[in-house]
file structure33.cif (mmCIF, C-alpha atoms)
data_final
#
loop_
_atom_site.label_atom_id
_atom_site.label_comp_id
_atom_site.auth_asym_id
_atom_site.auth_seq_id
_atom_site.Cartn_x
_atom_site.Cartn_y
_atom_site.Cartn_z
CA MET A 69 -1.01 -135.10 -86.52
CA PRO A 70 -0.57 -135.59 -90.31
CA PRO A 71 2.74 -134.78 -92.00
CA ARG A 72 3.14 -131.18 -93.04
CA TYR A 73 5.06 -129.80 -96.02
CA THR A 74 5.59 -133.24 -97.52
CA ARG A 75 6.21 -131.62 -100.91
CA TYR A 76 9.63 -130.53 -99.66
CA LEU A 77 10.83 -134.08 -99.03
CA ALA A 78 11.94 -134.46 -102.65
CA ASN A 79 14.81 -131.98 -102.21
CA PRO A 80 18.12 -133.83 -101.67
CA PRO A 81 20.03 -132.86 -98.50
CA THR A 82 23.16 -131.74 -100.33
CA TYR A 83 23.28 -128.10 -99.26
CA GLN A 84 26.86 -126.78 -99.17
CA PRO A 85 26.97 -122.98 -99.28
CA PHE A 86 30.67 -122.83 -98.37
CA PRO A 87 33.85 -123.93 -100.14
CA GLU A 88 34.54 -127.65 -99.73
CA PRO A 89 37.47 -128.41 -97.39
CA PRO A 90 40.50 -129.47 -99.44
CA GLU A 91 41.61 -133.09 -99.42
CA LEU A 92 44.77 -133.29 -97.34
CA GLY A 93 47.38 -135.99 -96.85
CA ALA A 94 47.54 -135.14 -93.15
CA VAL A 95 44.24 -134.14 -91.56
CA PRO A 96 44.44 -132.09 -88.33
CA SER A 97 42.03 -132.35 -85.43
CA PRO A 98 38.86 -130.25 -85.59
CA ILE A 99 39.03 -126.75 -84.17
CA LYS A 100 36.27 -125.35 -81.98
CA GLU A 101 35.20 -121.91 -80.84
CA GLY A 102 32.12 -121.95 -78.69
CA ILE A 103 29.22 -123.34 -80.73
CA TYR A 104 31.26 -123.34 -83.95
CA SER A 105 33.60 -126.02 -85.22
CA TYR A 106 35.53 -126.81 -88.38
CA SER A 107 36.97 -130.13 -89.52
CA SER A 108 37.81 -132.09 -92.65
CA THR A 109 34.08 -132.37 -93.31
CA GLY A 110 33.45 -128.63 -93.06
CA PHE A 111 31.83 -126.02 -90.86
CA THR A 112 29.16 -126.82 -88.27
CA VAL A 113 27.09 -125.02 -85.67
CA MET A 114 26.48 -127.06 -82.52
CA GLY A 115 27.50 -130.08 -84.56
CA TYR A 116 24.91 -129.47 -87.30
CA ARG A 117 25.55 -128.62 -90.94
CA PRO A 118 23.36 -126.04 -92.63
CA LYS A 119 20.11 -127.03 -94.30
CA ARG A 120 17.95 -125.34 -96.88
CA PRO A 121 14.60 -123.97 -95.63
CA SER A 122 12.86 -126.73 -97.61
CA GLU A 123 15.00 -129.38 -95.90
CA LEU A 124 14.19 -127.98 -92.48
CA LEU A 125 10.47 -127.99 -93.26
CA ALA A 126 10.82 -131.60 -94.37
CA ALA A 127 12.69 -132.50 -91.17
CA ILE A 128 9.94 -130.94 -89.07
CA SER A 129 7.29 -132.77 -91.06
CA GLU A 130 9.06 -136.14 -90.72
CA GLN A 131 8.66 -136.00 -86.94
CA TYR A 132 4.95 -136.70 -87.37
CA GLU A 133 5.25 -139.65 -89.74
CA GLU A 134 5.01 -143.28 -88.73
CA ARG A 135 8.11 -144.33 -86.80
CA GLU A 136 10.80 -145.85 -89.01
CA LEU A 137 11.94 -149.36 -88.00
CA ASP A 138 15.00 -151.36 -88.95
CA ARG A 139 14.84 -154.94 -90.24
CA PHE A 140 14.71 -156.23 -86.66
CA GLY A 141 11.69 -154.11 -85.83
CA ARG A 142 13.66 -151.66 -83.71
CA LYS A 143 13.14 -147.92 -83.90
CA VAL A 144 15.72 -146.17 -86.07
CA ARG A 145 17.44 -143.44 -84.10
CA GLY A 146 16.95 -140.15 -85.90
CA GLY A 147 14.70 -141.74 -88.54
CA ARG A 148 11.21 -140.78 -89.57
CA GLY A 149 8.93 -140.31 -86.63
CA SER A 150 11.77 -139.30 -84.30
CA LYS A 151 11.27 -136.08 -82.41
CA LYS A 152 13.88 -133.34 -82.69
CA GLY A 153 15.48 -132.06 -79.53
CA LYS A 154 16.20 -128.51 -78.45
CA LYS A 155 19.74 -128.65 -79.83
CA PHE A 156 18.46 -129.25 -83.36
CA PHE A 157 16.27 -126.17 -83.22
CA HIS A 158 18.88 -124.03 -81.45
CA ALA A 159 21.45 -124.89 -84.14
CA HIS A 160 19.26 -124.19 -87.15
CA LEU A 161 17.79 -121.02 -85.69
CA THR A 162 21.36 -119.87 -85.12
CA TRP A 163 22.33 -120.79 -88.71
CA TYR A 164 19.72 -118.31 -89.97
CA GLY A 165 20.49 -115.62 -87.42
CA LEU A 166 17.17 -116.09 -85.61
CA THR A 167 16.79 -115.40 -81.91
CA TYR A 168 15.31 -117.63 -79.25
CA GLU A 169 15.22 -117.87 -75.49
CA GLU A 170 17.05 -120.64 -73.66
CA THR A 171 13.85 -121.20 -71.72
CA ASP A 172 11.77 -121.79 -74.89
CA THR A 173 10.13 -125.18 -75.03
CA VAL A 174 10.73 -127.58 -77.91
CA GLN A 175 7.26 -126.75 -79.22
CA GLU A 176 8.01 -123.02 -79.16
CA LEU A 177 11.36 -123.54 -80.89
CA GLU A 178 9.74 -125.71 -83.56
CA GLU A 179 7.04 -123.13 -84.23
CA ASN A 180 9.67 -120.39 -84.43
CA LEU A 181 11.70 -122.31 -87.00
CA LEU A 182 8.63 -123.45 -88.93
CA GLN A 183 7.31 -119.92 -89.34
CA ALA A 184 10.72 -118.53 -90.30
CA MET A 185 11.34 -121.18 -92.97
CA SER A 186 7.82 -120.87 -94.42
CA VAL A 187 8.07 -117.26 -95.58
CA ARG A 188 8.39 -116.40 -99.27
CA PRO A 189 10.94 -115.80 -100.61
CA PRO A 190 12.72 -118.33 -98.39
CA PRO A 191 15.29 -116.96 -95.94
CA VAL A 192 19.02 -117.19 -96.63
CA LEU A 193 22.02 -117.54 -94.37
CA PRO A 194 23.12 -114.15 -93.01
CA PRO A 195 26.46 -112.57 -94.00
CA GLU A 196 27.71 -112.93 -90.41
CA ILE A 197 27.71 -116.73 -90.62
CA TYR A 198 29.80 -116.61 -93.79
CA ALA A 199 32.35 -114.45 -91.97
CA VAL A 200 32.53 -116.94 -89.08
CA GLU A 201 32.96 -119.85 -91.52
CA GLU A 202 35.76 -118.08 -93.36
CA ASP A 203 37.60 -117.34 -90.11
CA MET A 204 37.25 -120.93 -88.89
CA ARG A 205 38.34 -122.32 -92.26
CA THR A 206 41.44 -120.09 -92.24
CA GLN A 207 42.35 -121.29 -88.74
CA TRP A 208 41.85 -124.94 -89.71
CA LEU A 209 43.97 -124.62 -92.85
CA GLY A 210 46.72 -123.04 -90.74
CA ALA A 211 46.50 -125.95 -88.31
CA ALA A 212 46.58 -128.36 -91.25
CA SER A 213 49.75 -126.79 -92.60
CA ALA A 214 51.47 -126.96 -89.21
CA HIS A 215 50.31 -130.57 -88.72
CA GLN A 216 51.66 -131.53 -92.15
CA ASP A 217 55.03 -129.92 -91.40
CA ARG A 218 55.32 -131.80 -88.11
CA LEU A 219 54.40 -135.10 -89.74
CA THR A 220 56.82 -134.56 -92.61
CA ASP A 221 59.64 -133.76 -90.18
CA SER A 222 58.80 -136.87 -88.17
CA LEU A 223 58.90 -139.10 -91.25
CA VAL A 224 62.22 -137.63 -92.35
CA ARG A 225 63.73 -138.09 -88.87
CA ASP A 226 62.61 -141.73 -89.02
CA GLY A 227 64.65 -142.14 -92.17
CA LYS A 228 61.71 -142.25 -94.57
CA THR A 229 62.07 -141.00 -98.14
CA ILE A 230 59.60 -140.52 -100.96
CA HIS A 231 60.86 -143.86 -102.27
CA THR A 232 59.88 -145.75 -99.13
CA SER A 233 56.89 -143.77 -97.83
CA GLU A 234 53.78 -143.08 -99.88
CA LEU A 235 52.61 -140.67 -97.18
CA LEU A 236 55.79 -138.60 -97.34
CA ALA A 237 55.53 -138.47 -101.12
CA GLU A 238 51.94 -137.30 -100.86
CA LEU A 239 52.74 -134.69 -98.21
CA THR A 240 55.60 -133.24 -100.25
CA GLY A 241 53.72 -133.37 -103.53
CA ALA A 242 56.17 -135.80 -105.07
CA THR A 243 55.18 -138.55 -107.46
CA THR A 244 55.40 -141.86 -105.65
CA PRO A 245 57.42 -144.76 -107.02
CA THR A 246 54.23 -146.81 -107.18
CA ASP A 247 52.60 -144.16 -109.37
CA ASP A 248 55.69 -144.02 -111.56
CA PHE A 249 55.89 -147.78 -111.95
CA PHE A 250 52.35 -148.21 -113.22
CA ALA A 251 52.42 -145.05 -115.34
CA HIS A 252 55.86 -145.61 -116.92
CA PRO A 253 57.06 -149.18 -116.31
CA ASN A 254 59.54 -149.09 -119.21
CA THR A 255 61.45 -146.11 -117.81
CA PHE A 256 60.94 -146.84 -114.12
CA PHE A 257 64.14 -148.83 -113.57
CA SER A 258 66.46 -146.41 -115.34
CA LYS A 259 64.99 -143.57 -113.25
CA TYR A 260 65.20 -145.26 -109.85
CA PHE A 261 68.21 -147.48 -110.47
CA PRO A 262 70.67 -145.48 -112.59
CA ARG A 263 74.06 -146.99 -113.26
CA ASP A 264 75.74 -145.04 -110.46
CA ALA A 265 73.12 -146.06 -107.84
CA PRO A 266 74.42 -148.07 -104.86
CA ARG A 267 73.97 -151.79 -105.34
CA ASP A 268 72.03 -152.08 -102.06
CA ARG A 269 69.41 -149.51 -103.09
CA VAL A 270 65.85 -150.78 -102.64
CA ILE A 271 62.54 -149.28 -103.73
CA LEU A 272 59.11 -149.98 -102.27
CA LEU A 273 55.93 -150.27 -104.28
CA LEU A 274 53.24 -149.84 -101.68
CA ALA A 275 49.62 -150.95 -101.56
CA VAL A 276 49.59 -152.82 -104.86
CA ASP A 277 46.22 -154.46 -105.41
CA LYS A 278 45.80 -157.96 -106.72
CA GLY A 279 45.28 -156.75 -110.28
CA GLY A 280 48.68 -155.03 -110.36
CA GLU A 281 50.80 -157.82 -108.87
CA ASP A 282 51.36 -159.63 -112.18
CA ASP A 283 52.80 -156.44 -113.68
CA VAL A 284 55.32 -156.13 -110.86
CA TRP A 285 56.51 -159.70 -111.28
CA SER A 286 56.55 -159.45 -115.06
CA PHE A 287 58.54 -156.22 -115.34
CA ALA A 288 60.72 -156.22 -112.22
CA ARG A 289 61.67 -159.89 -111.96
CA ASP A 290 61.18 -161.43 -115.39
CA MET A 291 62.05 -158.59 -117.75
CA TYR A 292 64.57 -156.51 -115.78
CA LYS A 293 65.97 -159.33 -113.59
CA PHE A 294 65.64 -157.50 -110.24
CA GLU A 295 65.24 -159.18 -106.88
CA VAL A 296 61.61 -158.93 -105.78
CA VAL A 297 59.95 -159.80 -102.46
CA ARG A 298 56.24 -159.41 -101.86
CA VAL A 299 54.99 -158.52 -98.36
CA GLU A 300 51.32 -159.29 -97.93
CA ARG A 301 49.08 -157.40 -95.56
CA TRP A 302 45.39 -157.04 -94.90
CA VAL A 303 43.59 -153.73 -94.62
CA ASP A 304 40.03 -152.77 -93.85
CA GLU A 305 37.80 -149.80 -94.46
CA ARG A 306 38.40 -148.24 -91.03
CA GLY A 307 41.99 -149.28 -90.45
CA ARG A 308 41.24 -150.74 -86.98
CA GLY A 309 41.08 -154.42 -87.72
CA LEU A 310 37.33 -154.23 -88.24
CA GLY A 311 35.02 -154.36 -91.18
CA LYS A 312 35.53 -155.85 -94.62
CA ARG A 313 39.15 -156.83 -95.14
CA GLU A 314 41.11 -156.75 -98.38
CA ARG A 315 44.50 -158.23 -99.20
CA ILE A 316 47.07 -155.88 -100.68
CA SER A 317 50.78 -156.25 -101.24
CA ASP A 318 53.90 -154.17 -100.79
CA PHE A 319 56.80 -155.04 -103.09
CA VAL A 320 60.47 -154.56 -102.28
CA ILE A 321 62.64 -154.28 -105.38
CA GLY A 322 66.42 -154.06 -105.71
CA ARG A 323 69.54 -155.58 -107.25
CA ASP A 324 71.02 -157.02 -104.06
CA ALA A 325 69.12 -160.02 -102.70
CA LYS A 326 70.29 -159.51 -99.12
CA ALA A 327 69.29 -155.84 -99.04
CA VAL A 328 65.88 -156.66 -100.52
CA LYS A 329 65.21 -159.40 -97.96
CA MET A 330 66.27 -157.16 -95.06
CA LYS A 331 63.99 -154.37 -96.21
CA ALA A 332 61.12 -156.79 -96.74
CA GLU A 333 61.47 -158.03 -93.17
CA GLU A 334 61.48 -154.44 -91.91
CA VAL A 335 58.30 -153.70 -93.88
CA ARG A 336 56.69 -156.90 -92.62
CA GLN A 337 57.51 -156.00 -89.00
CA ASP A 338 56.18 -152.46 -89.46
CA GLY A 339 52.90 -154.01 -90.61
CA VAL A 340 52.74 -156.30 -87.59
CA ASP A 341 53.40 -153.40 -85.21
CA ALA A 342 50.79 -151.19 -86.93
CA ALA A 343 48.17 -153.95 -86.74
CA ALA A 344 48.87 -154.43 -83.05
CA ARG A 345 48.53 -150.72 -82.39
CA ALA A 346 45.21 -150.62 -84.26
CA ARG A 347 43.86 -153.72 -82.54
CA TYR A 348 44.57 -152.50 -79.01
CA ARG A 349 43.92 -148.83 -79.60
CA PRO A 350 41.28 -147.56 -77.16
CA TYR A 351 38.27 -145.98 -78.80
#

call {"tool": "encode", "arguments": {"input": "structure33.cif", "output": "structure tokens"}}
result
Amino acid sequence: MPPRYTRYLANPPTYQPFPEPPELGAVPSPIKEGIYSYSSTGFTVMGYRPKRPSELLAAISEQYEERELDRFGRKVRGGRGSKKGKKFFHAHLTWYGLTYEETDTVQELEENLLQAMSVRPPPVLPPEIYAVEEDMRTQWLGAASAHQDRLTDSLVRDGKTIHTSELLAELTGATTPTDDFFAHPNTFFSKYFPRDAPRDRVILLLAVDKGGEDDVWSFARDMYKFEVVRVERWVDERGRGLGKRERISDFVIGRDAKAVKMKAEEVRQDGVDAAARARYRPY
């Protein structure tokens, strides 16, 4: 069977009829109610995001194209030529408020969706689905707020401050010392180390990339004569010891050499423990 509605394939699959979820420092788990769910990536029905009618026509058409293969000659799961299952059609019929029977065959579901998306003017999402999305988004934002409060309390109980924890600074909306250092290096030391500050005070500059290391040494050690210890660690894109790895550095800065070295060792041990947790974390 030749591809149908190939003219619709040019439309990019970027449909987002709802407000984008906000970027949060602490992301809660997804919430679910029946076939609906909401997470940091937005609202879904049966695990599917909404699509424009033109995108759905294109997806139906792609089923009848030559099967897409990867560079090893294996069939690409979900690629061109892959047949859609019942769940795909159930989800997108539901998105548009269209009815179907659980006993409908895949062919019947496909024909139902094809006919509905082919009308002119094209159909739009019903008001009811917007109401469900708004309710789910409100619930998720409430869960996010509670999750952030619990995490903030936990960090504070562990003795973290905005000067030693980038996450706590982000959660509380405070400017981090690392941000301050690179934005205002000439006033950084008078702000964080005033004359009445305890001699054993230490400040952490976290996740400094290779390009910023020279600035730390130049200002903190050479110009302002502070004790500086660099703690090197490796991170990757997924944070589980997998994927492309990149070296970054945390810097411990203070007046007292002993206090700086003690804090550096604590930071180094925290990194070792975190790496071990990631490496042996079941997933």

call {"tool": "atom_distance", "arguments": {"input": "structure33.cif", "atom1": "CA of Lys326 in chain A", "atom2": "CA of Phe287 in chain A"}}
result
20.3 Å

call {"tool": "residues_around", "arguments": {"input": "structure33.cif", "residues": "range 146-155 of chain A", "least_positions_apart": "2", "cutoff": "10 Å", "atoms": "only C-alpha atoms", "output": "mmCIF file with C-alpha atoms, in the frame of the given file"}}
result
data_model
loop_
_atom_site.group_PDB
_atom_site.id
_atom_site.type_symbol
_atom_site.label_atom_id
_atom_site.label_comp_id
_atom_site.auth_asym_id
_atom_site.auth_seq_id
_atom_site.Cartn_x
_atom_site.Cartn_y
_atom_site.Cartn_z
ATOM 1 C CA PRO A 71 2.740 -134.780 -92.000
ATOM 2 C CA MET A 114 26.480 -127.060 -82.520
ATOM 3 C CA GLY A 115 27.500 -130.080 -84.560
ATOM 4 C CA TYR A 116 24.910 -129.470 -87.300
ATOM 5 C CA ALA A 127 12.690 -132.500 -91.170
ATOM 6 C CA ILE A 128 9.940 -130.940 -89.070
ATOM 7 C CA SER A 129 7.290 -132.770 -91.060
ATOM 8 C CA GLU A 130 9.060 -136.140 -90.720
ATOM 9 C CA GLN A 131 8.660 -136.000 -86.940
ATOM 10 C CA TYR A 132 4.950 -136.700 -87.370
ATOM 11 C CA GLU A 133 5.250 -139.650 -89.740
ATOM 12 C CA GLU A 134 5.010 -143.280 -88.730
ATOM 13 C CA ARG A 135 8.110 -144.330 -86.800
ATOM 14 C CA GLU A 136 10.800 -145.850 -89.010
ATOM 15 C CA LEU A 137 11.940 -149.360 -88.000
ATOM 16 C CA ASP A 138 15.000 -151.360 -88.950
ATOM 17 C CA LYS A 143 13.140 -147.920 -83.900
ATOM 18 C CA VAL A 144 15.720 -146.170 -86.070
ATOM 19 C CA PHE A 157 16.270 -126.170 -83.220
ATOM 20 C CA HIS A 158 18.880 -124.030 -81.450
ATOM 21 C CA ALA A 159 21.450 -124.890 -84.140
ATOM 22 C CA HIS A 160 19.260 -124.190 -87.150
ATOM 23 C CA LEU A 161 17.790 -121.020 -85.690
ATOM 24 C CA GLU A 170 17.050 -120.640 -73.660
ATOM 25 C CA ASP A 172 11.770 -121.790 -74.890
ATOM 26 C CA THR A 173 10.130 -125.180 -75.030
ATOM 27 C CA VAL A 174 10.730 -127.580 -77.910
ATOM 28 C CA GLN A 175 7.260 -126.750 -79.220
ATOM 29 C CA GLU A 176 8.010 -123.020 -79.160
ATOM 30 C CA LEU A 177 11.360 -123.540 -80.890
ATOM 31 C CA GLU A 178 9.740 -125.710 -83.560
#

call {"tool": "resolve_selection", "arguments": {"input": "structure33.cif", "expression": "the PyMOL selection byres ((chain A and resi 317) around 10)", "output": "number ranges by chain"}}
result
A: 273-278, 280-281, 297-302, 315-316, 318-320

call {"tool": "closest_residue", "arguments": {"input": "structure33.cif", "among": "A:Pro85, A:Leu193, A:Leu235, A:Gly93", "to": "Pro121 in chain A", "atoms": "only C-alpha atoms"}}
result
A:Leu193

call {"tool": "closest_residue", "arguments": {"input": "structure33.cif", "among": "A:Thr220, A:Phe250, A:Pro191, A:Ile103", "to": "Glu238 in chain A", "atoms": "only C-alpha atoms"}}
result
A:Thr220

call {"tool": "resolve_selection", "arguments": {"input": "structure33.cif", "expression": "the PyMOL selection byres ((chain A and resi 91) around 12)", "output": "ChimeraX atom specification"}}
result
/A:88-90,92-96,107-110,209,212,238-239

call {"tool": "atom_distance", "arguments": {"input": "structure33.cif", "atom1": "CA of Phe86 in chain A", "atom2": "CA of Met204 in chain A"}}
result
11.7 Å

call {"tool": "residues_around", "arguments": {"input": "structure33.cif", "residues": "Ala288 in chain A", "least_positions_apart": "5", "cutoff": "12 Å", "atoms": "only C-alpha atoms", "output": "JSON list (two decimals) with C-alpha atoms, in the coordinates of the input"}}
result
[["chain", "number", "residue", "atom", "x", "y", "z"],
["A", 249, "PHE", "CA", 55.89, -147.78, -111.95],
["A", 250, "PHE", "CA", 52.35, -148.21, -113.22],
["A", 253, "PRO", "CA", 57.06, -149.18, -116.31],
["A", 254, "ASN", "CA", 59.54, -149.09, -119.21],
["A", 255, "THR", "CA", 61.45, -146.11, -117.81],
["A", 256, "PHE", "CA", 60.94, -146.84, -114.12],
["A", 257, "PHE", "CA", 64.14, -148.83, -113.57],
["A", 258, "SER", "CA", 66.46, -146.41, -115.34],
["A", 261, "PHE", "CA", 68.21, -147.48, -110.47],
["A", 271, "ILE", "CA", 62.54, -149.28, -103.73],
["A", 272, "LEU", "CA", 59.11, -149.98, -102.27],
["A", 273, "LEU", "CA", 55.93, -150.27, -104.28],
["A", 281, "GLU", "CA", 50.80, -157.82, -108.87],
["A", 282, "ASP", "CA", 51.36, -159.63, -112.18],
["A", 283, "ASP", "CA", 52.80, -156.44, -113.68],
["A", 293, "LYS", "CA", 65.97, -159.33, -113.59],
["A", 294, "PHE", "CA", 65.64, -157.50, -110.24],
["A", 295, "GLU", "CA", 65.24, -159.18, -106.88],
["A", 296, "VAL", "CA", 61.61, -158.93, -105.78],
["A", 297, "VAL", "CA", 59.95, -159.80, -102.46],
["A", 298, "ARG", "CA", 56.24, -159.41, -101.86],
["A", 319, "PHE", "CA", 56.80, -155.04, -103.09],
["A", 320, "VAL", "CA", 60.47, -154.56, -102.28],
["A", 321, "ILE", "CA", 62.64, -154.28, -105.38],
["A", 322, "GLY", "CA", 66.42, -154.06, -105.71],
["A", 323, "ARG", "CA", 69.54, -155.58, -107.25]]

call {"tool": "build_atoms", "arguments": {"input": "structure33.cif", "residues": "range 113-129 of chain A", "atoms": "N, CA, C and O atoms", "output": "PDB file, in the coordinates of the input"}}
result
ATOM      1  N   VAL A 113      27.575-125.788 -86.813  1.00  0.00           N
ATOM      2  CA  VAL A 113      27.090-125.020 -85.670  1.00  0.00           C
ATOM      3  C   VAL A 113      26.423-126.001 -84.720  1.00  0.00           C
ATOM      4  O   VAL A 113      25.471-126.698 -85.105  1.00  0.00           O
ATOM      5  N   MET A 114      26.977-126.111 -83.519  1.00  0.00           N
ATOM      6  CA  MET A 114      26.480-127.060 -82.520  1.00  0.00           C
ATOM      7  C   MET A 114      26.481-128.493 -83.074  1.00  0.00           C
ATOM      8  O   MET A 114      25.650-129.324 -82.700  1.00  0.00           O
ATOM      9  N   GLY A 115      27.399-128.746 -83.978  1.00  0.00           N
ATOM     10  CA  GLY A 115      27.500-130.080 -84.560  1.00  0.00           C
ATOM     11  C   GLY A 115      26.601-130.325 -85.751  1.00  0.00           C
ATOM     12  O   GLY A 115      26.604-131.420 -86.326  1.00  0.00           O
ATOM     13  N   TYR A 116      25.829-129.329 -86.172  1.00  0.00           N
ATOM     14  CA  TYR A 116      24.910-129.470 -87.300  1.00  0.00           C
ATOM     15  C   TYR A 116      25.396-128.695 -88.514  1.00  0.00           C
ATOM     16  O   TYR A 116      25.862-127.560 -88.389  1.00  0.00           O
ATOM     17  N   ARG A 117      25.262-129.303 -89.681  1.00  0.00           N
ATOM     18  CA  ARG A 117      25.550-128.620 -90.940  1.00  0.00           C
ATOM     19  C   ARG A 117      24.324-127.814 -91.350  1.00  0.00           C
ATOM     20  O   ARG A 117      23.207-128.090 -90.909  1.00  0.00           O
ATOM     21  N   PRO A 118      24.511-126.849 -92.220  1.00  0.00           N
ATOM     22  CA  PRO A 118      23.360-126.040 -92.630  1.00  0.00           C
ATOM     23  C   PRO A 118      22.383-126.841 -93.484  1.00  0.00           C
ATOM     24  O   PRO A 118      22.763-127.797 -94.161  1.00  0.00           O
ATOM     25  N   LYS A 119      21.142-126.434 -93.458  1.00  0.00           N
ATOM     26  CA  LYS A 119      20.110-127.030 -94.300  1.00  0.00           C
ATOM     27  C   LYS A 119      19.328-125.934 -95.005  1.00  0.00           C
ATOM     28  O   LYS A 119      19.184-124.825 -94.480  1.00  0.00           O
ATOM     29  N   ARG A 120      18.838-126.258 -96.187  1.00  0.00           N
ATOM     30  CA  ARG A 120      17.950-125.340 -96.880  1.00  0.00           C
ATOM     31  C   ARG A 120      16.650-125.204 -96.092  1.00  0.00           C
ATOM     32  O   ARG A 120      16.266-126.120 -95.349  1.00  0.00           O
ATOM     33  N   PRO A 121      15.922-124.080 -96.274  1.00  0.00           N
ATOM     34  CA  PRO A 121      14.600-123.970 -95.630  1.00  0.00           C
ATOM     35  C   PRO A 121      13.697-125.149 -95.975  1.00  0.00           C
ATOM     36  O   PRO A 121      12.989-125.669 -95.105  1.00  0.00           O
ATOM     37  N   SER A 122      13.715-125.606 -97.225  1.00  0.00           N
ATOM     38  CA  SER A 122      12.860-126.730 -97.610  1.00  0.00           C
ATOM     39  C   SER A 122      13.248-128.007 -96.873  1.00  0.00           C
ATOM     40  O   SER A 122      12.386-128.822 -96.515  1.00  0.00           O
ATOM     41  N   GLU A 123      14.536-128.198 -96.630  1.00  0.00           N
ATOM     42  CA  GLU A 123      15.000-129.380 -95.900  1.00  0.00           C
ATOM     43  C   GLU A 123      14.580-129.318 -94.437  1.00  0.00           C
ATOM     44  O   GLU A 123      14.248-130.349 -93.836  1.00  0.00           O
ATOM     45  N   LEU A 124      14.615-128.126 -93.871  1.00  0.00           N
ATOM     46  CA  LEU A 124      14.190-127.980 -92.480  1.00  0.00           C
ATOM     47  C   LEU A 124      12.687-128.210 -92.338  1.00  0.00           C
ATOM     48  O   LEU A 124      12.232-128.849 -91.382  1.00  0.00           O
ATOM     49  N   LEU A 125      11.911-127.730 -93.292  1.00  0.00           N
ATOM     50  CA  LEU A 125      10.470-127.990 -93.260  1.00  0.00           C
ATOM     51  C   LEU A 125      10.199-129.487 -93.381  1.00  0.00           C
ATOM     52  O   LEU A 125       9.315-130.032 -92.710  1.00  0.00           O
ATOM     53  N   ALA A 126      10.976-130.154 -94.228  1.00  0.00           N
ATOM     54  CA  ALA A 126      10.820-131.600 -94.370  1.00  0.00           C
ATOM     55  C   ALA A 126      11.175-132.314 -93.077  1.00  0.00           C
ATOM     56  O   ALA A 126      10.495-133.264 -92.663  1.00  0.00           O
ATOM     57  N   ALA A 127      12.260-131.865 -92.428  1.00  0.00           N
ATOM     58  CA  ALA A 127      12.690-132.500 -91.170  1.00  0.00           C
ATOM     59  C   ALA A 127      11.638-132.335 -90.085  1.00  0.00           C
ATOM     60  O   ALA A 127      11.387-133.251 -89.289  1.00  0.00           O
ATOM     61  N   ILE A 128      11.014-131.160 -90.049  1.00  0.00           N
ATOM     62  CA  ILE A 128       9.940-130.940 -89.070  1.00  0.00           C
ATOM     63  C   ILE A 128       8.767-131.845 -89.379  1.00  0.00           C
ATOM     64  O   ILE A 128       8.169-132.464 -88.491  1.00  0.00           O
ATOM     65  N   SER A 129       8.420-131.941 -90.654  1.00  0.00           N
ATOM     66  CA  SER A 129       7.290-132.770 -91.060  1.00  0.00           C
ATOM     67  C   SER A 129       7.515-134.243 -90.728  1.00  0.00           C
ATOM     68  O   SER A 129       6.600-134.945 -90.281  1.00  0.00           O
TER      69      SER A 129
END
